[in-house]
Amino acid sequence: MNSLLRKLPKPAFVFALALPLLWLRFGHWFYLSLDEGIYLEGARHVASGEVPYRDFFAITGPGTYWLYGTVFHFFGTSFAAARAVLCLELAATCAAICYLVSRSTGTLFAVGTSLLYLAMLLTTLYPIYITHRWDSNTLALLALCCLDRRPLLAGSLAAIAVWITPPLLFVAVALSVWKAFSPQPLRPYLLGLAIPTVAAVAVLSSQGALTGLIHALLWDSSHYASANRLPYGALAGTFRSFLAQGTIPAATIHYLDSLLPNLLPPLAAVATVIPVLAKPAFAPRRVEALLSIAAFAALAACYPRLGAAQLLFAASFLWVVCAVALNDLLPSRLQTRCAMAAILLATGATAVAWPREVMKSIDTPVGTLRVSRRHFVTLNDLLSATRPGERAFVYPYLPALYFALGLQNPTRYAWLQQGMMAPADVQSAITSLKNAPPRWIIWHDFTEAYILKNWPSSDQTRLRFPEMESYLQSDYHVVIPDGVPTVGFKLMEKNP
């Protein structure tokens, strides 16, 4: 097997193996997540000619909206087209891990560690869906791959990552500092940073949205950071919760998957110093120092949400650091055995813990989706009652429904996060609803306990929006599709 792998480009082999598995796992799997709809709905607006910040509310960089908006423009507005991009990104991440590890280890070891990372993605029960974080972290990792040999490309990739997720400026700056102290010239990397930045500023200026972006970033600093702060490792699953969904071996793997994002940062910290302490004569290679700097910059970019699911976004950087350090610590005779063990473990874990929840297919305006039985009931009820193109307002926070049902939101706000949004934001949404009343309201009435579980740092004086709720209750009435009460939400229709 080792001789076969030597004849193939290692990252290409990993990419080719990972992509179909990721597509099988995530290509059509639709989950009513809180956040995925923000980017899908925003991209749908961009594909129809609208502009972030100017025409709809946004708090991240414009990159993800532009990326998926472009995909929808050329390939049609479909869930499968969007998920194809996600699967390509995740496969590219696995390939990048293989490349970075292979610079310091043997062929088999690099492949084994990257396949083990792939197995974690395939078996984790944390929802993996479209978000700006996967887009930007993939590009930042690729920038790290290109830094030495193609600094111009590395700078461009790092800049695009920042225009998708502004906190990844930590990584872009870290790479800049590294280049400044390296023998190679800094100028190509800085030029690479400048090209996408100038282009993005020019586009936003021409669209009248540059001021809106600045306001959004200021809004983030005063609203988002405080309300969305999560303590380190929060919301990780418990073994009991995973055991309720499957066998003991599968539950064990799912539980380890949930712990790994929390364990990787301290392991990477130890991995950075242990080789020096264990082998006094050992001088850390330049590449290992670069990997550690980039990894902890990516970790810093996760702030303020340092929960287990959010730490997963930085896991690829930390994975490389740990893999390279492990290879350095192992005697050469054990490195191949460890690599083979990693491949066998990845294969076995994927086979044992591949999610086996019974999924149902449902046809929607954005294609056929594979959903859980619970979400099938919700979507089927709403598809029966509403029609694509109708105006509706999903309250407070489930924007994926706009995208899946093809509904038109009359406000600028795809979501209103309780405990975070300013009174002016809520009032703006109410004004838009009064000026162009939608036919439908889809109301998911989050309990205060649910809000504080997901956003424990929320302003507890703003866990409800009484003015909005008063308006909805006075101008709309509850309807029951097919005479069967809905589960988990209220469907409301405009009063005659």
# chains A, B, ... in the order shown; residues from 1 in each chain; ligands from 1

$ closest_atom_pairs --of "range 294-360 of chain A" --to "range 27-34 of chain A" --cutoff "12 Å" --atoms "only C-alpha atoms" --output "CSV"
residue,atom,partner,partner_atom,distance
A:Pro355,CA,A:Trp29,CA,11.4
A:Glu357,CA,A:Trp29,CA,11.2
A:Val358,CA,A:Trp29,CA,11.5
A:Met359,CA,A:Trp29,CA,8.5
A:Lys360,CA,A:Trp29,CA,9.7

$ residues_around --residues "Phe239 in chain A" --least-positions-apart "3" --cutoff "9 Å" --atoms "only C-alpha atoms" --output "PDB file with N, CA and C atoms, in the first residue's frame"
ATOM      1  N   PHE A 242     -25.510  10.138  23.411  1.00  0.00           N
ATOM      2  CA  PHE A 242     -25.142   9.416  22.197  1.00  0.00           C
ATOM      3  C   PHE A 242     -25.568   7.954  22.273  1.00  0.00           C
ATOM      4  N   LEU A 243     -25.539   7.370  23.469  1.00  0.00           N
ATOM      5  CA  LEU A 243     -25.934   5.976  23.631  1.00  0.00           C
ATOM      6  C   LEU A 243     -27.408   5.793  23.317  1.00  0.00           C
ATOM      7  N   ALA A 244     -28.200   6.824  23.582  1.00  0.00           N
ATOM      8  CA  ALA A 244     -29.634   6.739  23.302  1.00  0.00           C
ATOM      9  C   ALA A 244     -29.913   6.632  21.807  1.00  0.00           C
ATOM     10  N   ALA A 251     -21.739   4.876  20.016  1.00  0.00           N
ATOM     11  CA  ALA A 251     -21.830   5.964  20.994  1.00  0.00           C
ATOM     12  C   ALA A 251     -20.447   6.390  21.470  1.00  0.00           C
ATOM     13  N   THR A 252     -19.558   5.417  21.620  1.00  0.00           N
ATOM     14  CA  THR A 252     -18.191   5.735  22.052  1.00  0.00           C
ATOM     15  C   THR A 252     -17.491   6.624  21.027  1.00  0.00           C
ATOM     16  N   HIS A 254     -18.966   8.537  18.710  1.00  0.00           N
ATOM     17  CA  HIS A 254     -19.628   9.846  18.668  1.00  0.00           C
ATOM     18  C   HIS A 254     -19.205  10.708  19.853  1.00  0.00           C
ATOM     19  N   TYR A 255     -19.052  10.079  20.997  1.00  0.00           N
ATOM     20  CA  TYR A 255     -18.630  10.829  22.189  1.00  0.00           C
ATOM     21  C   TYR A 255     -17.204  11.353  22.017  1.00  0.00           C
ATOM     22  N   LEU A 256     -16.326  10.518  21.481  1.00  0.00           N
ATOM     23  CA  LEU A 256     -14.954  10.973  21.229  1.00  0.00           C
ATOM     24  C   LEU A 256     -14.936  12.093  20.193  1.00  0.00           C
TER      25      LEU A 256
END

$ atom_distance --atom1 "CA of Pro438 in chain A" --atom2 "CA of Val394 in chain A"
10.3 Å

$ residues_around --residues "Ser432 in chain A" --least-positions-apart "3" --cutoff "9 Å" --atoms "only C-alpha atoms" --output "MDAnalysis selection string"
chainID A and resid 410:412 427:429 435:437

$ write_last_selection --atoms "C-alpha atoms" --output "compact mmCIF listing (two decimals), in the first residue's frame"
# COMPACT_ATOMS: atom_id res chain seq x y z
CA PRO A 410 -40.53 41.46 3.46
CA THR A 411 -37.97 42.64 6.04
CA ARG A 412 -34.18 43.09 5.99
CA GLN A 427 -38.62 48.15 15.33
CA SER A 428 -37.23 48.25 11.80
CA ALA A 429 -38.55 44.73 11.18
CA ASN A 435 -45.64 48.42 5.25
CA ALA A 436 -45.78 45.12 3.33
CA PRO A 437 -47.72 42.62 5.47

$ residues_around --residues "Leu407 in chain A" --least-positions-apart "5" --cutoff "6 Å" --atoms "only C-alpha atoms" --output "ChimeraX atom specification"
/A:388-391,402

$ residues_around --residues "Ser226 in chain A" --least-positions-apart "3" --cutoff "8 Å" --atoms "only C-alpha atoms" --output "list in words"
Ser222, His223, Arg229, Pro304, Ser457 and Ser458 of chain A

$ select_by_dssp --residues "range 144-342 of chain A" --states "alpha helix (DSSP H)" --output "compact mmCIF listing (two decimals) with N, CA and C atoms, in the first residue's frame"
# COMPACT_ATOMS: atom_id res chain seq x y z
N LEU A 144 -1.96 28.56 4.07
CA LEU A 144 -0.81 28.02 4.80
C LEU A 144 -0.03 27.04 3.93
N CYS A 145 -0.74 26.25 3.14
CA CYS A 145 -0.08 25.30 2.24
C CYS A 145 0.78 26.02 1.19
N CYS A 146 0.31 27.18 0.74
CA CYS A 146 0.97 27.89 -0.36
C CYS A 146 2.01 28.89 0.09
N PRO A 151 3.68 32.54 -2.48
CA PRO A 151 3.23 33.55 -1.51
C PRO A 151 2.16 34.49 -2.05
N LEU A 152 2.19 34.78 -3.35
CA LEU A 152 1.15 35.64 -3.91
C LEU A 152 -0.22 34.98 -3.78
N LEU A 153 -0.30 33.70 -4.13
CA LEU A 153 -1.55 32.95 -3.98
C LEU A 153 -1.93 32.83 -2.52
N ALA A 154 -0.95 32.59 -1.66
CA ALA A 154 -1.24 32.47 -0.22
C ALA A 154 -1.86 33.75 0.31
N GLY A 155 -1.30 34.89 -0.07
CA GLY A 155 -1.85 36.16 0.38
C GLY A 155 -3.27 36.37 -0.12
N SER A 156 -3.53 36.00 -1.36
CA SER A 156 -4.89 36.16 -1.91
C SER A 156 -5.89 35.27 -1.17
N LEU A 157 -5.50 34.03 -0.92
CA LEU A 157 -6.39 33.12 -0.19
C LEU A 157 -6.65 33.62 1.23
N ALA A 158 -5.60 34.11 1.89
CA ALA A 158 -5.77 34.62 3.25
C ALA A 158 -6.68 35.84 3.26
N ALA A 159 -6.53 36.72 2.28
CA ALA A 159 -7.38 37.92 2.22
C ALA A 159 -8.84 37.55 1.98
N ILE A 160 -9.07 36.60 1.08
CA ILE A 160 -10.45 36.18 0.82
C ILE A 160 -11.05 35.57 2.08
N ALA A 161 -10.25 34.81 2.81
CA ALA A 161 -10.74 34.23 4.08
C ALA A 161 -11.17 35.33 5.04
N VAL A 162 -10.42 36.42 5.10
CA VAL A 162 -10.77 37.53 5.99
C VAL A 162 -12.04 38.22 5.50
N TRP A 163 -12.22 38.35 4.20
CA TRP A 163 -13.43 38.97 3.67
C TRP A 163 -14.65 38.07 3.84
N ILE A 164 -14.43 36.83 4.17
CA ILE A 164 -15.53 35.93 4.51
C ILE A 164 -15.79 35.98 6.01
N LEU A 169 -8.53 37.54 10.31
CA LEU A 169 -7.42 38.48 10.22
C LEU A 169 -6.27 38.04 11.13
N PHE A 170 -6.60 37.35 12.23
CA PHE A 170 -5.55 36.81 13.10
C PHE A 170 -4.58 35.92 12.30
N VAL A 171 -5.14 35.06 11.46
CA VAL A 171 -4.30 34.15 10.67
C VAL A 171 -3.53 34.92 9.61
N ALA A 172 -4.21 35.83 8.92
CA ALA A 172 -3.54 36.61 7.87
C ALA A 172 -2.37 37.41 8.44
N VAL A 173 -2.57 38.02 9.61
CA VAL A 173 -1.50 38.79 10.24
C VAL A 173 -0.38 37.87 10.72
N ALA A 174 -0.75 36.72 11.30
CA ALA A 174 0.27 35.77 11.76
C ALA A 174 1.16 35.32 10.60
N LEU A 175 0.56 35.04 9.46
CA LEU A 175 1.35 34.64 8.30
C LEU A 175 2.21 35.80 7.79
N SER A 176 1.68 37.02 7.89
CA SER A 176 2.47 38.20 7.49
C SER A 176 3.70 38.36 8.36
N VAL A 177 3.52 38.22 9.67
CA VAL A 177 4.65 38.34 10.59
C VAL A 177 5.67 37.25 10.31
N TRP A 178 5.18 36.05 10.05
CA TRP A 178 6.09 34.94 9.75
C TRP A 178 6.91 35.24 8.50
N LYS A 179 6.24 35.72 7.46
CA LYS A 179 6.95 36.04 6.22
C LYS A 179 7.95 37.17 6.43
N ALA A 180 7.61 38.12 7.30
CA ALA A 180 8.51 39.25 7.54
C ALA A 180 9.83 38.80 8.14
N ARG A 187 6.99 40.97 0.10
CA ARG A 187 6.17 41.72 -0.85
C ARG A 187 5.15 40.88 -1.62
N PRO A 188 5.50 39.70 -2.15
CA PRO A 188 4.48 38.93 -2.88
C PRO A 188 3.27 38.56 -2.01
N TYR A 189 3.53 38.22 -0.76
CA TYR A 189 2.41 37.88 0.13
C TYR A 189 1.53 39.10 0.36
N LEU A 190 2.14 40.26 0.60
CA LEU A 190 1.36 41.48 0.83
C LEU A 190 0.58 41.87 -0.43
N LEU A 191 1.20 41.67 -1.59
CA LEU A 191 0.49 41.95 -2.83
C LEU A 191 -0.72 41.03 -2.97
N GLY A 192 -0.53 39.77 -2.58
CA GLY A 192 -1.66 38.84 -2.60
C GLY A 192 -2.78 39.28 -1.68
N LEU A 193 -2.43 39.78 -0.50
CA LEU A 193 -3.44 40.32 0.41
C LEU A 193 -4.17 41.50 -0.21
N ALA A 194 -3.44 42.32 -0.94
CA ALA A 194 -4.01 43.57 -1.45
C ALA A 194 -5.00 43.34 -2.59
N ILE A 195 -4.72 42.37 -3.45
CA ILE A 195 -5.55 42.21 -4.66
C ILE A 195 -7.02 41.95 -4.33
N PRO A 196 -7.37 40.93 -3.54
CA PRO A 196 -8.80 40.73 -3.21
C PRO A 196 -9.37 41.88 -2.38
N THR A 197 -8.53 42.49 -1.54
CA THR A 197 -9.02 43.57 -0.69
C THR A 197 -9.44 44.77 -1.52
N VAL A 198 -8.60 45.17 -2.46
CA VAL A 198 -8.94 46.29 -3.34
C VAL A 198 -10.18 45.96 -4.16
N ALA A 199 -10.25 44.72 -4.66
CA ALA A 199 -11.41 44.32 -5.46
C ALA A 199 -12.69 44.36 -4.63
N ALA A 200 -12.65 43.85 -3.40
CA ALA A 200 -13.84 43.83 -2.55
C ALA A 200 -14.29 45.24 -2.19
N VAL A 201 -13.33 46.10 -1.85
CA VAL A 201 -13.67 47.49 -1.53
C VAL A 201 -14.30 48.18 -2.74
N ALA A 202 -13.75 47.92 -3.92
CA ALA A 202 -14.29 48.54 -5.13
C ALA A 202 -15.72 48.08 -5.40
N VAL A 203 -15.97 46.78 -5.24
CA VAL A 203 -17.32 46.25 -5.48
C VAL A 203 -18.31 46.84 -4.48
N LEU A 204 -17.97 46.81 -3.20
CA LEU A 204 -18.88 47.34 -2.19
C LEU A 204 -19.12 48.83 -2.37
N SER A 205 -18.08 49.57 -2.74
CA SER A 205 -18.24 51.01 -2.96
C SER A 205 -19.17 51.28 -4.13
N SER A 206 -19.00 50.53 -5.21
CA SER A 206 -19.85 50.73 -6.39
C SER A 206 -21.30 50.37 -6.10
N LEU A 210 -20.34 49.81 1.16
CA LEU A 210 -19.13 49.83 1.99
C LEU A 210 -19.41 50.41 3.36
N THR A 211 -20.18 51.49 3.40
CA THR A 211 -20.55 52.08 4.70
C THR A 211 -21.37 51.09 5.51
N GLY A 212 -22.23 50.32 4.83
CA GLY A 212 -23.03 49.31 5.52
C GLY A 212 -22.16 48.24 6.15
N LEU A 213 -21.09 47.85 5.47
CA LEU A 213 -20.17 46.86 6.03
C LEU A 213 -19.50 47.41 7.29
N ILE A 214 -19.07 48.66 7.23
CA ILE A 214 -18.42 49.27 8.40
C ILE A 214 -19.40 49.32 9.57
N HIS A 215 -20.64 49.71 9.30
CA HIS A 215 -21.65 49.73 10.36
C HIS A 215 -21.89 48.33 10.91
N ALA A 216 -21.88 47.32 10.03
CA ALA A 216 -22.10 45.94 10.48
C ALA A 216 -20.98 45.49 11.41
N LEU A 217 -19.75 45.84 11.09
CA LEU A 217 -18.63 45.46 11.95
C LEU A 217 -18.69 46.18 13.29
N LEU A 218 -19.11 47.44 13.28
CA LEU A 218 -19.29 48.16 14.54
C LEU A 218 -20.44 47.57 15.34
N TRP A 219 -21.50 47.17 14.65
CA TRP A 219 -22.65 46.52 15.31
C TRP A 219 -22.18 45.23 15.97
N ALA A 225 -20.54 40.18 20.05
CA ALA A 225 -19.51 39.59 20.90
C ALA A 225 -20.03 39.29 22.30
N SER A 226 -20.78 40.21 22.87
CA SER A 226 -21.25 40.01 24.24
C SER A 226 -22.35 38.95 24.31
N ALA A 227 -23.28 38.96 23.36
CA ALA A 227 -24.41 38.03 23.42
C ALA A 227 -24.02 36.61 23.04
N PHE A 239 -22.03 11.05 26.88
CA PHE A 239 -22.05 9.66 26.40
C PHE A 239 -23.47 9.11 26.44
N ARG A 240 -24.22 9.46 27.47
CA ARG A 240 -25.59 8.96 27.60
C ARG A 240 -26.45 9.44 26.43
N SER A 241 -26.28 10.70 26.03
CA SER A 241 -27.09 11.21 24.93
C SER A 241 -26.77 10.49 23.62
N PHE A 242 -25.51 10.14 23.41
CA PHE A 242 -25.14 9.42 22.20
C PHE A 242 -25.57 7.95 22.27
N LEU A 243 -25.54 7.37 23.47
CA LEU A 243 -25.93 5.98 23.63
C LEU A 243 -27.41 5.79 23.32
N ILE A 248 -23.23 0.77 21.77
CA ILE A 248 -22.11 1.25 22.61
C ILE A 248 -20.89 1.62 21.76
N PRO A 249 -20.46 0.79 20.78
CA PRO A 249 -19.31 1.21 19.95
C PRO A 249 -19.57 2.52 19.21
N ALA A 250 -20.76 2.66 18.62
CA ALA A 250 -21.07 3.89 17.89
C ALA A 250 -21.12 5.08 18.85
N ALA A 251 -21.74 4.88 20.02
CA ALA A 251 -21.83 5.96 20.99
C ALA A 251 -20.45 6.39 21.47
N THR A 252 -19.56 5.42 21.62
CA THR A 252 -18.19 5.74 22.05
C THR A 252 -17.49 6.62 21.03
N ILE A 253 -17.64 6.28 19.76
CA ILE A 253 -17.00 7.08 18.70
C ILE A 253 -17.63 8.47 18.62
N HIS A 254 -18.97 8.54 18.71
CA HIS A 254 -19.63 9.85 18.67
C HIS A 254 -19.20 10.71 19.85
N TYR A 255 -19.05 10.08 21.00
CA TYR A 255 -18.63 10.83 22.19
C TYR A 255 -17.20 11.35 22.02
N LEU A 256 -16.33 10.52 21.48
CA LEU A 256 -14.95 10.97 21.23
C LEU A 256 -14.94 12.09 20.19
N ASP A 257 -15.79 11.98 19.18
CA ASP A 257 -15.91 13.06 18.19
C ASP A 257 -16.28 14.37 18.86
N SER A 258 -17.19 14.30 19.83
CA SER A 258 -17.64 15.52 20.50
C SER A 258 -16.57 16.10 21.41
N LEU A 259 -15.67 15.25 21.91
CA LEU A 259 -14.61 15.72 22.80
C LEU A 259 -13.40 16.25 22.05
N LEU A 260 -13.15 15.73 20.86
CA LEU A 260 -11.92 16.08 20.15
C LEU A 260 -11.73 17.58 19.93
N PRO A 261 -12.76 18.33 19.52
CA PRO A 261 -12.54 19.77 19.35
C PRO A 261 -12.07 20.45 20.63
N ASN A 262 -12.52 19.94 21.79
CA ASN A 262 -12.09 20.51 23.07
C ASN A 262 -10.67 20.07 23.44
N LEU A 263 -10.31 18.86 23.04
CA LEU A 263 -9.00 18.31 23.43
C LEU A 263 -7.87 18.79 22.53
N LEU A 264 -8.17 19.10 21.28
CA LEU A 264 -7.11 19.44 20.34
C LEU A 264 -6.30 20.68 20.73
N PRO A 265 -6.92 21.77 21.21
CA PRO A 265 -6.08 22.94 21.57
C PRO A 265 -5.05 22.64 22.66
N PRO A 266 -5.43 22.01 23.80
CA PRO A 266 -4.38 21.71 24.78
C PRO A 266 -3.38 20.68 24.27
N LEU A 267 -3.85 19.72 23.47
CA LEU A 267 -2.91 18.75 22.90
C LEU A 267 -1.92 19.43 21.96
N ALA A 268 -2.42 20.39 21.18
CA ALA A 268 -1.53 21.12 20.27
C ALA A 268 -0.53 21.96 21.05
N ALA A 269 -0.98 22.53 22.17
CA ALA A 269 -0.06 23.31 23.00
C ALA A 269 1.06 22.42 23.55
N VAL A 270 0.67 21.24 24.02
CA VAL A 270 1.67 20.29 24.52
C VAL A 270 2.56 19.83 23.37
N ALA A 271 1.93 19.58 22.21
CA ALA A 271 2.70 19.10 21.05
C ALA A 271 3.74 20.12 20.60
N THR A 272 3.49 21.38 20.88
CA THR A 272 4.43 22.42 20.46
C THR A 272 5.71 22.39 21.29
N VAL A 273 5.61 21.99 22.56
CA VAL A 273 6.79 22.07 23.44
C VAL A 273 7.38 20.71 23.79
N ILE A 274 6.57 19.65 23.73
CA ILE A 274 7.05 18.33 24.16
C ILE A 274 8.27 17.85 23.37
N PRO A 275 8.29 17.98 22.04
CA PRO A 275 9.48 17.47 21.33
C PRO A 275 10.78 18.09 21.82
N VAL A 276 10.73 19.36 22.17
CA VAL A 276 11.94 20.02 22.66
C VAL A 276 12.34 19.47 24.02
N LEU A 277 11.35 19.26 24.89
CA LEU A 277 11.64 18.75 26.23
C LEU A 277 12.06 17.29 26.20
N ALA A 278 11.44 16.52 25.32
CA ALA A 278 11.73 15.09 25.26
C ALA A 278 13.07 14.80 24.60
N ARG A 286 11.50 24.57 11.11
CA ARG A 286 10.84 25.84 10.81
C ARG A 286 9.36 25.63 10.49
N VAL A 287 9.07 24.56 9.75
CA VAL A 287 7.69 24.32 9.35
C VAL A 287 6.81 24.05 10.57
N GLU A 288 7.35 23.41 11.59
CA GLU A 288 6.54 23.10 12.78
C GLU A 288 6.20 24.36 13.56
N ALA A 289 7.14 25.29 13.63
CA ALA A 289 6.85 26.55 14.30
C ALA A 289 5.76 27.32 13.55
N LEU A 290 5.83 27.31 12.22
CA LEU A 290 4.80 27.98 11.41
C LEU A 290 3.44 27.35 11.65
N LEU A 291 3.37 26.02 11.68
CA LEU A 291 2.10 25.33 11.90
C LEU A 291 1.49 25.72 13.24
N SER A 292 2.29 25.79 14.28
CA SER A 292 1.78 26.15 15.60
C SER A 292 1.26 27.58 15.63
N ILE A 293 2.00 28.50 15.02
CA ILE A 293 1.57 29.90 14.99
C ILE A 293 0.24 30.03 14.28
N ALA A 294 0.12 29.39 13.12
CA ALA A 294 -1.13 29.46 12.36
C ALA A 294 -2.28 28.81 13.11
N ALA A 295 -2.01 27.69 13.77
CA ALA A 295 -3.06 26.96 14.48
C ALA A 295 -3.65 27.79 15.61
N PHE A 296 -2.81 28.43 16.39
CA PHE A 296 -3.33 29.20 17.52
C PHE A 296 -3.94 30.53 17.07
N ALA A 297 -3.51 31.03 15.92
CA ALA A 297 -4.20 32.19 15.34
C ALA A 297 -5.61 31.79 14.90
N ALA A 298 -5.74 30.61 14.29
CA ALA A 298 -7.07 30.12 13.90
C ALA A 298 -7.95 29.88 15.11
N LEU A 299 -7.36 29.39 16.19
CA LEU A 299 -8.11 29.19 17.42
C LEU A 299 -8.61 30.52 17.98
N ALA A 300 -7.76 31.54 17.96
CA ALA A 300 -8.17 32.86 18.45
C ALA A 300 -9.32 33.42 17.63
N ALA A 308 -17.85 23.61 21.81
CA ALA A 308 -17.25 22.46 21.12
C ALA A 308 -17.50 22.50 19.62
N ALA A 309 -18.72 22.83 19.21
CA ALA A 309 -19.03 22.85 17.78
C ALA A 309 -18.24 23.93 17.06
N GLN A 310 -18.01 25.07 17.72
CA GLN A 310 -17.27 26.16 17.09
C GLN A 310 -15.77 25.85 17.01
N LEU A 311 -15.25 25.15 18.01
CA LEU A 311 -13.83 24.77 17.98
C LEU A 311 -13.53 23.81 16.84
N ALA A 315 -10.18 22.93 14.04
CA ALA A 315 -9.59 21.61 14.32
C ALA A 315 -8.57 21.19 13.27
N SER A 316 -8.77 21.59 12.01
CA SER A 316 -7.85 21.14 10.96
C SER A 316 -6.43 21.65 11.21
N PHE A 317 -6.30 22.91 11.62
CA PHE A 317 -4.97 23.47 11.92
C PHE A 317 -4.32 22.72 13.09
N LEU A 318 -5.11 22.52 14.14
CA LEU A 318 -4.60 21.87 15.34
C LEU A 318 -4.27 20.41 15.08
N TRP A 319 -5.04 19.79 14.21
CA TRP A 319 -4.82 18.38 13.85
C TRP A 319 -3.43 18.21 13.24
N VAL A 320 -3.06 19.13 12.37
CA VAL A 320 -1.75 19.05 11.72
C VAL A 320 -0.63 19.16 12.76
N VAL A 321 -0.76 20.10 13.68
CA VAL A 321 0.26 20.29 14.71
C VAL A 321 0.43 19.01 15.53
N CYS A 322 -0.68 18.43 15.95
CA CYS A 322 -0.61 17.21 16.77
C CYS A 322 -0.03 16.04 15.99
N ALA A 323 -0.42 15.92 14.71
CA ALA A 323 0.08 14.80 13.90
C ALA A 323 1.59 14.89 13.69
N VAL A 324 2.07 16.07 13.38
CA VAL A 324 3.51 16.24 13.14
C VAL A 324 4.30 15.97 14.42
N ALA A 325 3.79 16.46 15.55
CA ALA A 325 4.49 16.24 16.83
C ALA A 325 4.51 14.76 17.19
N LEU A 326 3.39 14.06 16.95
CA LEU A 326 3.35 12.62 17.24
C LEU A 326 4.38 11.88 16.40
N ASN A 327 4.46 12.23 15.14
CA ASN A 327 5.45 11.59 14.27
C ASN A 327 6.87 11.82 14.77
N ASP A 328 7.15 13.03 15.26
CA ASP A 328 8.49 13.34 15.75
C ASP A 328 8.84 12.54 17.00
N LEU A 329 7.83 12.28 17.83
CA LEU A 329 8.07 11.60 19.09
C LEU A 329 8.20 10.09 18.92
N SER A 332 11.20 5.64 14.57
CA SER A 332 10.92 5.43 13.15
C SER A 332 10.26 4.08 12.88
N ARG A 333 10.60 3.07 13.67
CA ARG A 333 10.02 1.74 13.44
C ARG A 333 8.53 1.70 13.78
N LEU A 334 8.06 2.66 14.59
CA LEU A 334 6.65 2.68 14.98
C LEU A 334 5.81 3.62 14.11
N GLN A 335 6.45 4.47 13.35
CA GLN A 335 5.69 5.45 12.58
C GLN A 335 4.80 4.79 11.54
N THR A 336 5.32 3.81 10.84
CA THR A 336 4.51 3.11 9.84
C THR A 336 3.37 2.35 10.50
N ARG A 337 3.66 1.70 11.63
CA ARG A 337 2.60 0.98 12.34
C ARG A 337 1.51 1.94 12.81
N CYS A 338 1.92 3.08 13.30
CA CYS A 338 0.94 4.07 13.75
C CYS A 338 0.09 4.56 12.58
N ALA A 339 0.72 4.75 11.43
CA ALA A 339 -0.02 5.19 10.25
C ALA A 339 -1.04 4.14 9.83
N MET A 340 -0.63 2.88 9.81
CA MET A 340 -1.56 1.81 9.46
C MET A 340 -2.69 1.73 10.47
N ALA A 341 -2.37 1.90 11.74
CA ALA A 341 -3.40 1.89 12.78
C ALA A 341 -4.39 3.02 12.56
N ALA A 342 -3.90 4.19 12.14
CA ALA A 342 -4.79 5.33 11.89
C ALA A 342 -5.74 5.03 10.74

$ residues_around --residues "Ile128 in chain A" --least-positions-apart "2" --cutoff "8 Å" --atoms "only C-alpha atoms" --output "tab-separated table (two decimals) with C-alpha atoms, in the first residue's frame"
chain	number	residue	atom	x	y	z
A	26	PHE	CA	-23.83	15.64	3.56
A	126	TYR	CA	-22.40	17.97	15.36
A	130	ILE	CA	-22.99	25.67	5.17

$ atom_distance --atom1 "CA of Glu89 in chain A" --atom2 "CA of Trp134 in chain A"
7.2 Å

$ residues_around --residues "Ala95 in chain A" --least-positions-apart "6" --cutoff "12 Å" --atoms "only C-alpha atoms" --output "PyMOL selection string"
chain A and resi 9-19+88-89+101-102+110-118+138+141-142+145+316+320

$ closest_residue --among "A:Asp55, A:Asp445, A:Asp135, A:Asp459" --to "Tyr68 in chain A" --atoms "only C-alpha atoms"
A:Asp135

$ select_by_dssp --residues "range 169-416 of chain A" --states "strand (DSSP E)" --output "MDAnalysis selection string"
chainID A and resid 359:364 367:372 392:395

$ atom_distance --atom1 "CA of Glu467 in chain A" --atom2 "CA of Lys490 in chain A"
18.0 Å
